[in-house]
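Colleague: There's a structure below that I have some questions on.
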4 protein chains.
Amino acid sequence: MFEGVQVELKMTKSDDMELGMTTKRIESLTDGIYSIAMTLLVLNLALPGIGTGLMPAIELHELLFRQTHEFLNYVLSFILLAIFWNRHHQQFHFIKRTDPTHLWINIFILMFVAMVPFSTSLMGDYPDETIAKLFFGLNLFILGSLNALSWMYATKDHRLVDRGLDPRHITVGLRRGAVIPVIVLVAMVLSLITPHWSSCVYLSIPIILAHPWFRHTKHGK
Amino acid sequence: MFEGVQVELKMTKSDDMELGMTTKRIESLTDGIYSIAMTLLVLNLALPGIGTGLMPAIELHELLFRQTHEFLNYVLSFILLAIFWNRHHQQFHFIKRTDPTHLWINIFILMFVAMVPFSTSLMGDYPDETIAKLFFGLNLFILGSLNALSWMYATKDHRLVDRGLDPRHITVGLRRGAVIPVIVLVAMVLSLITPHWSSCVYLSIPIILAHPWFRHTKHGK
Amino acid sequence: MFEGVQVELKMTKSDDMELGMTTKRIESLTDGIYSIAMTLLVLNLALPGIGTGLMPAIELHELLFRQTHEFLNYVLSFILLAIFWNRHHQQFHFIKRTDPTHLWINIFILMFVAMVPFSTSLMGDYPDETIAKLFFGLNLFILGSLNALSWMYATKDHRLVDRGLDPRHITVGLRRGAVIPVIVLVAMVLSLITPHWSSCVYLSIPIILAHPWFRHTKHGK
Amino acid sequence: MFEGVQVELKMTKSDDMELGMTTKRIESLTDGIYSIAMTLLVLNLALPGIGTGLMPAIELHELLFRQTHEFLNYVLSFILLAIFWNRHHQQFHFIKRTDPTHLWINIFILMFVAMVPFSTSLMGDYPDETIAKLFFGLNLFILGSLNALSWMYATKDHRLVDRGLDPRHITVGLRRGAVIPVIVLVAMVLSLITPHWSSCVYLSIPIILAHPWFRHTKHGK
């Protein structure tokens, strides 16, 4: 029995050696980029006129009040990035190896993650502009679609997951992957009619994803 | 005896597999966001007028001197963030697993961690404004309360900690959790009277937390 | 056989102890700097005039359209940094230890990685200037050359890699190392003639590196 | 022999459990803050007038040339931060546990690490001002002194290092700790006479630290 363990260890090691492709590398870059993107969101809160002496101090509560929209956008984008980060970790919990195609899908995901602070700043600077909402929506739509693509690629024929992975996990992952692009499309269509309130639609994402139908839960005992 | 070890390893692995919820994921994001928030604080030190050529070079010592308040705020916020980061690690030392509710409490904690550089910049730009102090205080109050909530949730019925965890650790954690919100409330009330000096109250936090009553110390030998 | 394992563990440990030089330390700093540099690229996308109220909201689609060049530069630099990050990980997959010379080559690599957002901003602000393209090219050329040097230093006489490392991996690493400096030189020469389009040459890098001749593939079974 | 291994594992675990103080936590925060501070240095390179349209494109080579001083400061601060980061890792290679005092010394170290981009920007904006050089020097002096203090605290009576640690390593660590504060004092004195060139003194730090007298080398075979 002990020899069996040793052989297993050796196989894992030599396999790594040849392919040079573990998921650990992409995971550390991902955690770094998510944490920076989420923290850079705060730069959008900067009060206009600060440091220039143009605004008298007496108006501070007024200034902060006018920023309400920016605060809401901050909360929204922070939560959305946290949802994507969460999905990434759920997927990589099951994904055991990577290959160049999968690696590059994930680098493109990161490219659109890093763009979220910019899209959010657009929404804050142009609160009533449909085009700002569409840009933000497009960013999320591409992010969500690439995320779904990454899971589809990894699970096709059990390519990058364990042979023995319960197919229900694969199905749940595909369902979860569809939620974000669909909701984003709804929000984008709605922004054509009422740009100011269309972002509220995004708040349904965490609610929908919390439904048991979309969760990797323990089946049976 | 050796077989016992193997069985234990297998159990841990299959448990992870099913729940997909280890604490490692939230820990790496947390370390990332804390380190960025703590480093972004330095951007508040930027001298007004730098790069615009509006200030003659001869006034540099004067300019730096006028920044004293900003330097003190930098030190204060850096220490406060370090205390929260420290508390996070102390809690996660005992927390062995996570669930969606716990994960989201922690993501909201990170949302208010990332907001600290903004709150600090408000205090620096409006040093004598009560509203700036209240905003900073509110940020810390929510942060401290969520932190206490996270511990309460995790330790209720030993939900996310080891069954065998010494109840004294749980009690100490609850006591530590109460310190920050209470001190912050005192500082906020004081800022209504004397905004300029109210921040000094925060310096009592590390002193109080250093008291044995609030420490996870070795009991007995 | 079991004693053999133990001896191996001990040797690794005492070896570390004496030299104080594991590669893990440089890897965590590297992942941090790459993720920050890649995320800072997004700051170059900031619309001119935002927050100043100088631009009427009606021109937003126009403003975004004018930024097309900045978006392309963002994508280009993000992909190039991802390629360099990927190469770093491929090299460190084989590199088992480090020494002060190797450590400092890698710190100089990081110095030029952190400079990429600045070089990219130059290209965005001066799209038709040969000098901006040459600066960007020079940055990449030094980065690519240091990267090749790092591999040459590490593999010379199997200095920092396993004795038993297949020489084909060393050769492939050297070939990969030559690709980027050569392509960069072509782009720099081209920028003397047509600065506006010369950056397109960089897109050939991922295509060339995907060729089997440049890949660490499994040989035989 | 096998039981001996198991007992050792158990002891480590219960020891951690009680003290709640491993060095891993401070190491991940440290790597994060160093990598961000090193990357933020690049923000000091931003060309004045970029994005405002005030500078005609024709002057770009002139603008870049005028930035020579900023480029040199970037290289200098990047190398100095890399030296401090390197020292941190060398120390933590030997430090096996931490306590609240040691943890807080290290948090104060990070506070002055995060301040380096600001000190560097001062030197860049006021190249001929003694006060800017003194500020930068003071930042490094405190950083170097706290770093030496951290080693002194940890090795006093083998407090946080292995009982069996070769005393030569402790002595070498103390010697290395003295180098930076001494060199910084020389540079600060020199800046009173010739501010423009005094920074060159810092370049002697890596040369001195490379001397065998200051290296943790293998003794004997």
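Residue numbers start at 1 in each chain; chains themselves are named A, B, ... in the order of the structure tokens; ligands are numbered from 1 in the order shown.
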Give as a PyMOL selection string every residue of chain A that touches chain C within 6 Å, counting only C-alpha atoms.
Modeller: chain A and resi 18+29+32-33+114
Colleague: I want to know what sits within 10 Å of Thr22 of chain A, based on only C-alpha atoms, with residues of the same chain fewer than 6 positions away left out; could you give that as a VMD selection string?
Modeller: (chain A and resid 15 to 16 95 to 99 103) or (chain C and resid 89 93)
Colleague: Mind pulling up the distance from atom CA of Asn147 of chain D to atom CA of Val189 of chain D?
Modeller: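 Atom-to-atom, atom CA of Val189 of chain D and atom CA of Asn147 of chain D are spaced 21.6 Å apart.
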Colleague: Could you pull out the residues in segment 133-216 of chain B that DSSP calls alpha helix (DSSP H) from the backbone, as a ChimeraX atom specification?
Modeller: /B:133-155,167-193,204-209
Colleague: Put those residues in a file: C-alpha atoms, as a PDB file, in the first residue's frame.
Modeller:
ATOM      1  CA  LYS B 133     -14.359  62.159  10.644  1.00  0.00           C
ATOM      2  CA  LEU B 134     -17.837  60.628  10.789  1.00  0.00           C
ATOM      3  CA  PHE B 135     -17.371  59.097   7.325  1.00  0.00           C
ATOM      4  CA  PHE B 136     -14.006  57.602   8.343  1.00  0.00           C
ATOM      5  CA  GLY B 137     -15.539  56.395  11.621  1.00  0.00           C
ATOM      6  CA  LEU B 138     -18.524  54.844   9.856  1.00  0.00           C
ATOM      7  CA  ASN B 139     -16.190  52.995   7.479  1.00  0.00           C
ATOM      8  CA  LEU B 140     -14.266  51.526  10.449  1.00  0.00           C
ATOM      9  CA  PHE B 141     -17.453  50.810  12.414  1.00  0.00           C
ATOM     10  CA  ILE B 142     -18.930  48.730   9.570  1.00  0.00           C
ATOM     11  CA  LEU B 143     -15.548  47.023   9.066  1.00  0.00           C
ATOM     12  CA  GLY B 144     -15.289  46.176  12.765  1.00  0.00           C
ATOM     13  CA  SER B 145     -18.888  44.996  13.011  1.00  0.00           C
ATOM     14  CA  LEU B 146     -18.649  42.758   9.945  1.00  0.00           C
ATOM     15  CA  ASN B 147     -15.427  41.347  11.373  1.00  0.00           C
ATOM     16  CA  ALA B 148     -17.174  40.507  14.653  1.00  0.00           C
ATOM     17  CA  LEU B 149     -20.145  39.075  12.710  1.00  0.00           C
ATOM     18  CA  SER B 150     -17.812  36.837  10.688  1.00  0.00           C
ATOM     19  CA  TRP B 151     -16.423  35.333  13.931  1.00  0.00           C
ATOM     20  CA  MET B 152     -19.864  34.956  15.487  1.00  0.00           C
ATOM     21  CA  TYR B 153     -21.184  33.193  12.399  1.00  0.00           C
ATOM     22  CA  ALA B 154     -18.156  30.894  12.136  1.00  0.00           C
ATOM     23  CA  THR B 155     -18.114  29.830  15.787  1.00  0.00           C
ATOM     24  CA  PRO B 167     -14.265  27.724  23.986  1.00  0.00           C
ATOM     25  CA  ARG B 168     -11.907  30.260  25.556  1.00  0.00           C
ATOM     26  CA  HIS B 169     -10.591  31.053  22.055  1.00  0.00           C
ATOM     27  CA  ILE B 170     -14.164  31.699  20.890  1.00  0.00           C
ATOM     28  CA  THR B 171     -14.831  34.035  23.843  1.00  0.00           C
ATOM     29  CA  VAL B 172     -11.557  35.899  23.351  1.00  0.00           C
ATOM     30  CA  GLY B 173     -12.439  36.323  19.659  1.00  0.00           C
ATOM     31  CA  LEU B 174     -15.832  37.790  20.564  1.00  0.00           C
ATOM     32  CA  ARG B 175     -14.243  40.187  23.077  1.00  0.00           C
ATOM     33  CA  ARG B 176     -11.671  41.316  20.494  1.00  0.00           C
ATOM     34  CA  GLY B 177     -14.493  41.815  18.001  1.00  0.00           C
ATOM     35  CA  ALA B 178     -16.311  44.199  20.345  1.00  0.00           C
ATOM     36  CA  VAL B 179     -13.292  46.475  20.961  1.00  0.00           C
ATOM     37  CA  ILE B 180     -13.091  48.189  17.582  1.00  0.00           C
ATOM     38  CA  PRO B 181     -16.787  49.104  17.121  1.00  0.00           C
ATOM     39  CA  VAL B 182     -16.938  50.494  20.689  1.00  0.00           C
ATOM     40  CA  ILE B 183     -13.780  52.615  20.323  1.00  0.00           C
ATOM     41  CA  VAL B 184     -14.950  53.846  16.916  1.00  0.00           C
ATOM     42  CA  LEU B 185     -18.278  54.977  18.402  1.00  0.00           C
ATOM     43  CA  VAL B 186     -16.384  56.927  21.086  1.00  0.00           C
ATOM     44  CA  ALA B 187     -14.237  58.604  18.408  1.00  0.00           C
ATOM     45  CA  MET B 188     -17.302  59.453  16.331  1.00  0.00           C
ATOM     46  CA  VAL B 189     -19.101  61.052  19.279  1.00  0.00           C
ATOM     47  CA  LEU B 190     -15.933  62.968  20.150  1.00  0.00           C
ATOM     48  CA  SER B 191     -15.614  64.226  16.571  1.00  0.00           C
ATOM     49  CA  LEU B 192     -18.931  66.046  17.060  1.00  0.00           C
ATOM     50  CA  ILE B 193     -17.206  68.121  19.741  1.00  0.00           C
ATOM     51  CA  SER B 204      -6.112  53.161  22.119  1.00  0.00           C
ATOM     52  CA  ILE B 205      -7.178  50.147  19.982  1.00  0.00           C
ATOM     53  CA  PRO B 206      -3.729  48.462  19.788  1.00  0.00           C
ATOM     54  CA  ILE B 207      -3.155  49.216  23.492  1.00  0.00           C
ATOM     55  CA  ILE B 208      -6.472  47.638  24.516  1.00  0.00           C
ATOM     56  CA  LEU B 209      -6.023  44.631  22.212  1.00  0.00           C
TER      57      LEU B 209
END
Colleague: Separation of atom CA of Met115 of chain B and atom CA of Glu70 of chain A, in Å?
Modeller: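 Computing it gives 12.4 Å between the two atoms.
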Colleague: Under the rule that only C-alpha atoms are counted, which of A:Arg66, A:Lys156, A:Arg25, A:Arg87 is the nearest residue to Ile107 of chain A?
Modeller: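 For Ile107 of chain A, the nearest of the candidates is A:Arg25.
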